[in-house]
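Peer 1: File follows, coords.cif with mmCIF, C-alpha atoms:
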```cif
data_entry
#
loop_
_atom_site.label_atom_id
_atom_site.label_comp_id
_atom_site.auth_asym_id
_atom_site.auth_seq_id
_atom_site.Cartn_x
_atom_site.Cartn_y
_atom_site.Cartn_z
CA MET A 120 0.00 0.00 0.00
CA LYS A 121 1.22 3.51 -0.83
CA VAL A 122 0.94 5.76 2.24
CA LEU A 123 1.35 9.53 2.49
CA ILE A 124 3.47 10.65 5.46
CA ILE A 125 2.47 13.79 7.36
CA PRO A 126 5.54 14.94 9.32
CA ASP A 127 5.77 17.07 12.47
CA VAL A 128 3.17 19.81 12.06
CA HIS A 129 4.06 22.22 14.89
CA LEU A 130 1.12 24.57 14.33
CA LYS A 131 1.39 24.78 10.53
CA PRO A 132 -2.21 24.07 9.48
CA GLU A 133 -1.36 24.48 5.81
CA ILE A 134 0.37 21.09 5.93
CA PHE A 135 -3.05 19.45 6.16
CA ASP A 136 -4.22 21.40 3.10
CA ARG A 137 -1.24 20.09 1.12
CA ALA A 138 -1.80 16.58 2.42
CA ALA A 139 -5.49 16.63 1.48
CA ALA A 140 -4.67 17.78 -2.05
CA ILE A 141 -2.14 14.97 -2.43
CA MET A 142 -4.61 12.38 -1.14
CA GLU A 143 -7.19 13.58 -3.66
CA ASN A 144 -4.79 13.63 -6.62
CA SER A 145 -2.47 10.68 -6.10
CA ASP A 146 -2.57 6.92 -5.63
CA CYS A 147 -1.88 7.10 -1.89
CA GLY A 148 -4.43 4.84 -0.20
CA MET A 149 -4.10 6.33 3.27
CA ALA A 150 -1.99 8.70 5.39
CA VAL A 151 0.04 8.47 8.59
CA CYS A 152 0.89 11.48 10.77
CA VAL A 153 4.04 10.96 12.87
CA GLY A 154 3.07 13.43 15.60
CA ASP A 155 3.79 16.80 17.19
CA ILE A 156 0.75 18.66 15.95
CA ALA A 157 1.14 21.02 18.92
CA ASP A 158 3.59 23.83 19.74
CA ASP A 159 6.02 26.03 17.85
CA TRP A 160 8.53 28.70 18.74
CA GLY A 161 6.94 31.70 20.47
CA CYS A 162 3.33 30.57 19.93
CA GLN A 163 2.40 29.78 23.54
CA ASP A 164 -0.13 32.63 23.72
CA ASP A 165 -1.70 32.09 20.30
CA ALA A 166 -4.61 29.82 21.28
CA LYS A 167 -6.35 30.62 17.97
CA LEU A 168 -3.46 29.09 16.02
CA TYR A 169 -3.67 25.93 18.13
CA GLU A 170 -7.39 25.68 17.48
CA GLU A 171 -7.00 26.35 13.74
CA THR A 172 -4.32 23.67 13.43
CA PHE A 173 -6.21 21.02 15.36
CA LYS A 174 -9.43 21.80 13.49
CA LYS A 175 -7.56 21.17 10.24
CA ALA A 176 -6.22 17.90 11.67
CA LEU A 177 -9.70 16.77 12.68
CA LYS A 178 -11.16 17.79 9.31
CA PHE A 179 -8.45 15.74 7.61
CA ALA A 180 -9.22 12.77 9.88
CA GLU A 181 -12.91 12.99 9.05
CA LYS A 182 -12.26 13.23 5.30
CA PHE A 183 -9.68 10.42 5.34
CA PRO A 184 -10.84 8.20 8.21
CA LYS A 185 -8.19 5.50 7.65
CA THR A 186 -5.48 7.97 8.66
CA LEU A 187 -3.22 6.77 11.48
CA TRP A 188 -1.93 9.27 14.04
CA CYS A 189 1.16 8.96 16.25
CA TYR A 190 1.61 10.86 19.49
CA GLY A 191 4.64 13.14 19.59
CA ASN A 192 6.36 14.33 22.74
CA HIS A 193 4.74 17.75 22.40
CA ASP A 194 1.27 16.18 22.15
CA LEU A 195 1.79 13.87 25.12
CA ALA A 196 2.99 16.76 27.29
CA TYR A 197 -0.60 18.07 27.27
CA LEU A 198 -2.16 14.74 28.17
CA TRP A 199 0.32 14.25 31.00
CA ASP A 200 0.39 17.86 32.30
CA ILE A 201 4.12 18.25 31.74
CA TYR A 202 4.04 22.04 31.95
CA ASP A 203 7.79 22.61 31.72
CA HIS A 204 7.99 21.01 28.27
CA PRO A 205 9.45 23.48 25.72
CA GLY A 206 6.69 25.36 23.90
CA PHE A 207 3.93 24.19 26.25
CA SER A 208 0.90 26.50 26.07
CA SER A 209 -1.21 26.73 29.21
CA ALA A 210 -3.58 28.92 27.21
CA ALA A 211 -4.21 26.14 24.70
CA GLN A 212 -4.08 23.04 26.92
CA ASP A 213 -7.84 22.53 26.94
CA ILE A 214 -7.97 22.96 23.16
CA VAL A 215 -5.18 20.44 22.57
CA ASN A 216 -6.70 17.87 24.91
CA GLU A 217 -10.17 18.30 23.41
CA TYR A 218 -8.95 17.67 19.88
CA LEU A 219 -6.61 14.84 20.82
CA GLU A 220 -9.62 13.17 22.42
CA LYS A 221 -11.59 13.62 19.20
CA LEU A 222 -8.76 12.13 17.13
CA ASP A 223 -8.47 9.27 19.60
CA ALA A 224 -12.21 8.58 19.32
CA ALA A 225 -11.59 7.31 15.80
CA GLY A 226 -9.36 4.59 17.29
CA ASN A 227 -6.37 5.60 15.18
CA LEU A 228 -4.21 7.56 17.67
CA ALA A 229 -1.31 5.74 19.35
CA VAL A 230 2.41 6.00 19.98
CA MET A 231 3.25 3.41 17.32
CA HIS A 232 1.66 1.73 14.32
CA ARG A 233 2.68 -0.94 11.83
CA ILE A 234 1.45 -1.42 8.28
CA ASP A 235 2.96 -4.43 6.51
CA ASN A 236 6.75 -3.93 6.58
CA VAL A 237 6.80 -0.36 7.89
CA VAL A 238 6.68 0.83 11.52
CA PHE A 239 5.58 4.39 12.27
CA SER A 240 6.34 6.39 15.40
CA HIS A 241 7.40 9.88 16.33
CA ALA A 242 11.04 9.11 17.08
CA GLY A 243 11.82 5.44 16.43
CA LEU A 244 12.05 2.18 18.31
CA THR A 245 15.66 1.98 19.51
CA ARG A 246 17.70 -1.01 20.55
CA GLU A 247 18.32 0.60 23.95
CA PHE A 248 14.61 1.04 24.63
CA VAL A 249 13.80 -2.53 23.62
CA TYR A 250 16.58 -3.82 25.88
CA SER A 251 15.33 -1.75 28.84
CA TYR A 252 11.57 -2.18 28.51
CA LEU A 253 10.64 -4.76 25.88
CA SER A 254 13.15 -7.60 26.02
CA GLU A 255 10.42 -10.21 26.59
CA TYR A 256 8.83 -9.22 23.26
CA SER A 257 12.02 -8.82 21.25
CA ASP A 258 10.97 -11.36 18.60
CA ASP A 259 7.42 -10.04 18.14
CA ILE A 260 7.05 -6.54 16.67
CA ASP A 261 3.29 -6.44 17.16
CA ALA A 262 3.63 -7.38 20.83
CA MET A 263 6.26 -4.65 21.24
CA ILE A 264 4.01 -2.07 19.62
CA GLU A 265 1.07 -3.10 21.79
CA ALA A 266 3.25 -2.85 24.91
CA VAL A 267 4.54 0.59 23.90
CA ASN A 268 1.03 1.85 23.26
CA ASP A 269 0.06 0.82 26.80
CA MET A 270 2.98 2.68 28.44
CA ASP A 271 2.70 5.88 30.45
CA GLU A 272 5.14 8.73 31.02
CA ASP A 273 7.28 6.71 33.42
CA ALA A 274 8.62 4.73 30.46
CA LEU A 275 7.99 6.96 27.48
CA TRP A 276 9.53 10.12 28.94
CA ASP A 277 12.92 8.54 28.29
CA ASP A 278 15.57 9.75 25.84
CA THR A 279 15.58 6.36 24.08
CA SER A 280 11.80 6.00 23.71
CA PRO A 281 9.69 6.11 20.53
CA VAL A 282 8.64 9.69 21.36
CA TRP A 283 12.08 11.04 22.34
CA ALA A 284 14.88 9.10 20.62
CA ARG A 285 17.31 10.82 18.24
CA PRO A 286 19.30 8.02 16.59
CA GLN A 287 20.06 10.01 13.44
CA LYS A 288 23.29 11.83 14.40
CA TYR A 289 25.32 8.72 15.20
CA TYR A 290 23.25 6.21 13.26
CA LEU A 291 24.58 2.64 13.12
CA ASP A 292 22.88 -0.36 11.58
CA GLY A 293 20.89 -2.02 14.34
CA ASP A 294 20.24 1.16 16.31
CA VAL A 295 16.59 1.16 15.22
CA VAL A 296 14.84 -2.18 15.50
CA PRO A 297 13.67 -4.57 14.21
CA PRO A 298 16.08 -4.18 11.25
CA GLU A 299 13.79 -5.94 8.75
CA TYR A 300 11.20 -3.16 9.08
CA LEU A 301 11.47 0.35 7.71
CA ASN A 302 10.99 2.83 10.57
CA VAL A 303 9.37 6.13 9.57
CA VAL A 304 9.88 8.92 12.10
CA GLY A 305 9.84 12.66 12.63
CA HIS A 306 11.06 14.50 15.76
CA THR A 307 14.58 15.31 14.53
CA PRO A 308 14.62 18.25 12.08
CA MET A 309 16.28 17.43 8.75
CA ARG A 310 17.29 19.52 5.77
CA HIS A 311 15.82 16.88 3.47
CA ILE A 312 13.90 13.64 3.96
CA THR A 313 16.71 11.26 4.87
CA LEU A 314 17.12 7.48 4.74
CA GLN A 315 19.75 5.93 7.02
CA GLY A 316 19.67 2.14 6.86
CA ASN A 317 16.15 1.25 7.99
CA LEU A 318 15.39 4.72 9.41
CA LEU A 319 13.49 7.28 7.30
CA THR A 320 13.31 10.73 8.95
CA VAL A 321 10.70 13.10 7.53
CA ASP A 322 10.70 16.25 9.71
CA THR A 323 11.48 18.87 7.07
CA PHE A 324 8.97 21.50 8.23
CA SER A 325 10.50 22.48 11.58
CA THR A 326 12.00 25.96 11.87
CA TRP A 327 14.73 27.83 13.65
CA SER A 328 13.65 29.87 16.68
CA ASP A 329 13.37 33.01 14.50
CA GLY A 330 10.90 31.28 12.17
CA ARG A 331 13.30 30.52 9.32
CA ALA A 332 12.73 27.17 7.65
CA TYR A 333 15.20 24.48 8.68
CA GLY A 334 14.33 21.98 5.96
CA ASP A 335 12.94 22.01 2.45
CA CYS A 336 9.31 21.33 3.50
CA ALA A 337 9.04 18.20 1.36
CA LEU A 338 6.40 15.52 1.83
CA CYS A 339 6.86 11.87 0.95
CA TRP A 340 5.07 8.58 0.40
CA VAL A 341 6.08 5.08 1.47
CA ASP A 342 5.14 1.73 -0.05
CA THR A 343 4.47 -0.40 3.01
CA VAL A 344 5.15 -3.70 1.23
CA THR A 345 8.30 -2.93 -0.76
CA LYS A 346 9.58 -0.25 1.69
CA GLU A 347 10.26 2.04 -1.27
CA TRP A 348 9.66 5.76 -0.78
CA GLY A 349 9.70 8.99 -2.72
CA GLU A 350 8.91 12.66 -2.46
CA THR A 351 5.48 13.86 -3.54
CA ASP A 352 5.00 16.25 -6.43
CA SER A 353 3.46 19.00 -4.28
#
```
Rewrite the coordinates I just gave you, this time as structure tokens.
Peer 2:
Amino acid sequence: MKVLIIPDVHLKPEIFDRAAAIMENSDCGMAVCVGDIADDWGCQDDAKLYEETFKKALKFAEKFPKTLWCYGNHDLAYLWDIYDHPGFSSAAQDIVNEYLEKLDAAGNLAVMHRIDNVVFSHAGLTREFVYSYLSEYSDDIDAMIEAVNDMDEDALWDDTSPVWARPQKYYLDGDVVPPEYLNVVGHTPMRHITLQGNLLTVDTFSTWSDGRAYGDCALCWVDTVTKEWGETDS
């Protein structure tokens, strides 16, 4: 199946407009959002921008109900009342929680998902995290995903977890597991969509603190059977 990837949004509602246009004019059968709909530099007091962004997310979910959604660290901070998280907006907490609940009502919001030979999460399933928390499931990816999706902040608020890991800088084969699956992640800003072994990082929309674009704002698709991928035309 050909799947459109929606990367870290960080209060850029126009991403959902682009994604909807691609879904309507391409052969992508569904979409996956890898998380961090909430928060951006200096936007803590702009509750209207939070509401606009989450309304666009919900509209997209309603139009394309097979869409899968991954929690990012910024999203989970609202559910878990982690007020000292960078970018956290007390003014928008009720808005974020209300819309996350609406997305969750569709049954498609979780930390991790798998479709065929591709695993989706915000930051990646690392070898260190599996060793620390999931060793009993190490030969069963679906059992690992189920266990991760049942975890709370005590486990997931960990630098090696699927919402916090950053394996890209010193990537080695085997850092992201299981190696036979392609892992599609956001979280770490990239200049371009980047493949390192079995790790595909798609966060090209994040910005510097002054609002300048960090990456090239590309979107991509993934074939969940062949593990091939490519940038979209728009």
Peer 1: Pull out every residue that the PyMOL selection byres ((chain A and resi 130-144) around 8) matches in the shown coordinates and put them as a list in words.
Peer 2: Leu123, Ile125, Val128, His129, Ser145, Asp146, Cys147, Gly148, Met149, Ala150, Ile156, Ala157, Asp158, Asp159, Leu168, Tyr169, Glu171, Thr172, Phe173, Lys175, Ala176, Phe179, Thr351 and Ser353 of chain A
Peer 1: Atoms to include: C-alpha atoms. Write the selected residues as a CSV table (one decimal), in the frame of the given file.
Peer 2:
```
chain,number,residue,atom,x,y,z
A,123,LEU,CA,1.4,9.5,2.5
A,125,ILE,CA,2.5,13.8,7.4
A,128,VAL,CA,3.2,19.8,12.1
A,129,HIS,CA,4.1,22.2,14.9
A,145,SER,CA,-2.5,10.7,-6.1
A,146,ASP,CA,-2.6,6.9,-5.6
A,147,CYS,CA,-1.9,7.1,-1.9
A,148,GLY,CA,-4.4,4.8,-0.2
A,149,MET,CA,-4.1,6.3,3.3
A,150,ALA,CA,-2.0,8.7,5.4
A,156,ILE,CA,0.8,18.7,16.0
A,157,ALA,CA,1.1,21.0,18.9
A,158,ASP,CA,3.6,23.8,19.7
A,159,ASP,CA,6.0,26.0,17.8
A,168,LEU,CA,-3.5,29.1,16.0
A,169,TYR,CA,-3.7,25.9,18.1
A,171,GLU,CA,-7.0,26.4,13.7
A,172,THR,CA,-4.3,23.7,13.4
A,173,PHE,CA,-6.2,21.0,15.4
A,175,LYS,CA,-7.6,21.2,10.2
A,176,ALA,CA,-6.2,17.9,11.7
A,179,PHE,CA,-8.4,15.7,7.6
A,351,THR,CA,5.5,13.9,-3.5
A,353,SER,CA,3.5,19.0,-4.3
```
Peer 1: May I have the residues within 10 Å of region 322-324 of chain A as a short mmCIF file (atom, residue, chain, number, x, y, z; two decimals) with C-alpha atoms, keeping the file's coordinate frame, using all atoms listed in the file and disregarding those fewer than 6 positions away in the same chain?
Peer 2:
```
data_model
loop_
_atom_site.label_atom_id
_atom_site.label_comp_id
_atom_site.auth_asym_id
_atom_site.auth_seq_id
_atom_site.Cartn_x
_atom_site.Cartn_y
_atom_site.Cartn_z
CA ILE A 125 2.47 13.79 7.36
CA PRO A 126 5.54 14.94 9.32
CA ASP A 127 5.77 17.07 12.47
CA VAL A 128 3.17 19.81 12.06
CA HIS A 129 4.06 22.22 14.89
CA LYS A 131 1.39 24.78 10.53
CA ILE A 134 0.37 21.09 5.93
CA VAL A 153 4.04 10.96 12.87
CA HIS A 241 7.40 9.88 16.33
CA VAL A 304 9.88 8.92 12.10
CA GLY A 305 9.84 12.66 12.63
CA HIS A 306 11.06 14.50 15.76
CA THR A 307 14.58 15.31 14.53
CA PRO A 308 14.62 18.25 12.08
CA MET A 309 16.28 17.43 8.75
CA ARG A 310 17.29 19.52 5.77
CA HIS A 311 15.82 16.88 3.47
CA ILE A 312 13.90 13.64 3.96
CA THR A 313 16.71 11.26 4.87
CA ALA A 332 12.73 27.17 7.65
CA TYR A 333 15.20 24.48 8.68
CA GLY A 334 14.33 21.98 5.96
CA ASP A 335 12.94 22.01 2.45
CA CYS A 336 9.31 21.33 3.50
CA ALA A 337 9.04 18.20 1.36
CA LEU A 338 6.40 15.52 1.83
#
```
Peer 1: Of the candidates A:Val321, A:Ala210, A:Ala242, A:Ile264, which one gets nearest to Val282 (chain A) if we count all atoms listed in the file?
Peer 2: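 The closest residue to Val282 (chain A) is A:Ala242.
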Peer 1: Let me know the residues the PyMOL selection byres ((chain A and resi 257) around 12) catches in the file above, as number ranges by chain.
Peer 2: A: 244-256, 258-264, 266, 296-298
Peer 1: To test your reading of the syntax: which residues would the PyMOL selection byres ((chain A and resi 238) around 12) return for the file shown? Reply as an NGL selection string.
Peer 2: :A and (122 or 124 or 151 or 153 or 187 or 189 or 230-237 or 239-244 or 260-261 or 263-264 or 281 or 295-304 or 317-319 or 341-344 or 346)
Peer 1: When you count all atoms listed in the file, which of these residues is closest to Ala224 (chain A): A:Ala274, A:Leu177, A:Ala284, A:Leu314?
Peer 2: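 The answer is A:Leu177, which sits nearest to Ala224 (chain A).
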Peer 1: Hey, can you check how far CA of Ala229 (chain A) sits from CA of Glu181 (chain A)?
Peer 2: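 Here the two named atoms are 17.1 Å from each other.
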Peer 1: Could you work out how far CA of Tyr197 (chain A) lies from CA of Asp213 (chain A), giving the answer in Å with one decimal?
Peer 2: 8.5 Å
Peer 1: Quick one: distance from CA of Lys121 (chain A) to CA of Glu265 (chain A) in Å, one decimal?
Peer 2: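 If I compute the distance from CA of Lys121 (chain A) to CA of Glu265 (chain A), I get 23.6 Å.
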Peer 1: Which residue, A:Asp329, A:Glu347, A:Asp352, A:Asp271, has the smallest gap to Trp160 (chain A) when you use only C-alpha atoms?
Peer 2: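 Ranked by minimum distance to Trp160 (chain A), first place goes to A:Asp329.
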Peer 1: Please tell me which residues are no farther than 9 Å from (-0.1, 28.4, 25.2) in the file, counting only C-alpha atoms, and write them as a VMD selection string.
Peer 2: chain A and resid 158 162 to 166 169 206 to 212
Peer 1: Taking all atoms of region 189-192 of chain A that the file lists and extending 6 Å past them on each side, where is the centre of the axis-aligned box and how long are its edges? Answer in Å to one decimal, as AutoDock Vina command-line options.
Peer 2:
```
--center_x 3.8 --center_y 11.6 --center_z 19.5 --size_x 17.2 --size_y 17.4 --size_z 18.5
```
Peer 1: Would you output region 142-161 of chain A from that structure, restricted to N, CA and C atoms, as a PDB file, in the first residue's frame?
Peer 2:
```pdb
ATOM      1  N   MET A 142      -3.748  13.557  -1.270  1.00  0.00           N
ATOM      2  CA  MET A 142      -4.611  12.384  -1.141  1.00  0.00           C
ATOM      3  C   MET A 142      -5.667  12.343  -2.250  1.00  0.00           C
ATOM      4  N   GLU A 143      -6.133  13.511  -2.643  1.00  0.00           N
ATOM      5  CA  GLU A 143      -7.186  13.578  -3.664  1.00  0.00           C
ATOM      6  C   GLU A 143      -6.647  13.399  -5.076  1.00  0.00           C
ATOM      7  N   ASN A 144      -5.341  13.606  -5.263  1.00  0.00           N
ATOM      8  CA  ASN A 144      -4.788  13.634  -6.620  1.00  0.00           C
ATOM      9  C   ASN A 144      -3.614  12.676  -6.808  1.00  0.00           C
ATOM     10  N   SER A 145      -3.544  11.653  -5.977  1.00  0.00           N
ATOM     11  CA  SER A 145      -2.466  10.684  -6.102  1.00  0.00           C
ATOM     12  C   SER A 145      -3.022   9.283  -5.834  1.00  0.00           C
ATOM     13  N   ASP A 146      -2.139   8.290  -5.902  1.00  0.00           N
ATOM     14  CA  ASP A 146      -2.568   6.922  -5.634  1.00  0.00           C
ATOM     15  C   ASP A 146      -2.270   6.493  -4.205  1.00  0.00           C
ATOM     16  N   CYS A 147      -2.057   7.445  -3.302  1.00  0.00           N
ATOM     17  CA  CYS A 147      -1.884   7.102  -1.888  1.00  0.00           C
ATOM     18  C   CYS A 147      -3.217   6.604  -1.329  1.00  0.00           C
ATOM     19  N   GLY A 148      -3.194   5.436  -0.703  1.00  0.00           N
ATOM     20  CA  GLY A 148      -4.425   4.845  -0.198  1.00  0.00           C
ATOM     21  C   GLY A 148      -4.803   5.311   1.187  1.00  0.00           C
ATOM     22  N   MET A 149      -3.833   5.821   1.927  1.00  0.00           N
ATOM     23  CA  MET A 149      -4.100   6.332   3.266  1.00  0.00           C
ATOM     24  C   MET A 149      -2.934   7.222   3.674  1.00  0.00           C
ATOM     25  N   ALA A 150      -3.031   7.811   4.885  1.00  0.00           N
ATOM     26  CA  ALA A 150      -1.991   8.696   5.389  1.00  0.00           C
ATOM     27  C   ALA A 150      -1.631   8.301   6.813  1.00  0.00           C
ATOM     28  N   VAL A 151      -0.416   8.644   7.217  1.00  0.00           N
ATOM     29  CA  VAL A 151       0.039   8.475   8.591  1.00  0.00           C
ATOM     30  C   VAL A 151       0.698   9.775   9.028  1.00  0.00           C
ATOM     31  N   CYS A 152       0.280  10.286  10.175  1.00  0.00           N
ATOM     32  CA  CYS A 152       0.891  11.479  10.766  1.00  0.00           C
ATOM     33  C   CYS A 152       1.804  11.023  11.904  1.00  0.00           C
ATOM     34  N   VAL A 153       3.077  11.449  11.873  1.00  0.00           N
ATOM     35  CA  VAL A 153       4.040  10.960  12.865  1.00  0.00           C
ATOM     36  C   VAL A 153       4.137  11.851  14.108  1.00  0.00           C
ATOM     37  N   GLY A 154       3.189  12.773  14.296  1.00  0.00           N
ATOM     38  CA  GLY A 154       3.074  13.425  15.597  1.00  0.00           C
ATOM     39  C   GLY A 154       3.605  14.840  15.684  1.00  0.00           C
ATOM     40  N   ASP A 155       3.459  15.399  16.894  1.00  0.00           N
ATOM     41  CA  ASP A 155       3.792  16.795  17.187  1.00  0.00           C
ATOM     42  C   ASP A 155       2.953  17.758  16.344  1.00  0.00           C
ATOM     43  N   ILE A 156       1.643  17.657  16.531  1.00  0.00           N
ATOM     44  CA  ILE A 156       0.751  18.661  15.951  1.00  0.00           C
ATOM     45  C   ILE A 156       0.895  19.961  16.732  1.00  0.00           C
ATOM     46  N   ALA A 157       1.113  19.863  18.026  1.00  0.00           N
ATOM     47  CA  ALA A 157       1.136  21.024  18.921  1.00  0.00           C
ATOM     48  C   ALA A 157       2.488  21.733  18.931  1.00  0.00           C
ATOM     49  N   ASP A 158       2.429  23.019  19.341  1.00  0.00           N
ATOM     50  CA  ASP A 158       3.588  23.832  19.743  1.00  0.00           C
ATOM     51  C   ASP A 158       4.477  24.277  18.576  1.00  0.00           C
ATOM     52  N   ASP A 159       4.970  25.502  18.723  1.00  0.00           N
ATOM     53  CA  ASP A 159       6.019  26.032  17.852  1.00  0.00           C
ATOM     54  C   ASP A 159       6.657  27.202  18.583  1.00  0.00           C
ATOM     55  N   TRP A 160       7.797  27.637  18.079  1.00  0.00           N
ATOM     56  CA  TRP A 160       8.533  28.703  18.735  1.00  0.00           C
ATOM     57  C   TRP A 160       7.654  29.947  18.957  1.00  0.00           C
ATOM     58  N   GLY A 161       7.582  30.440  20.177  1.00  0.00           N
ATOM     59  CA  GLY A 161       6.942  31.705  20.474  1.00  0.00           C
ATOM     60  C   GLY A 161       5.441  31.753  20.280  1.00  0.00           C
TER      61      GLY A 161
END
```
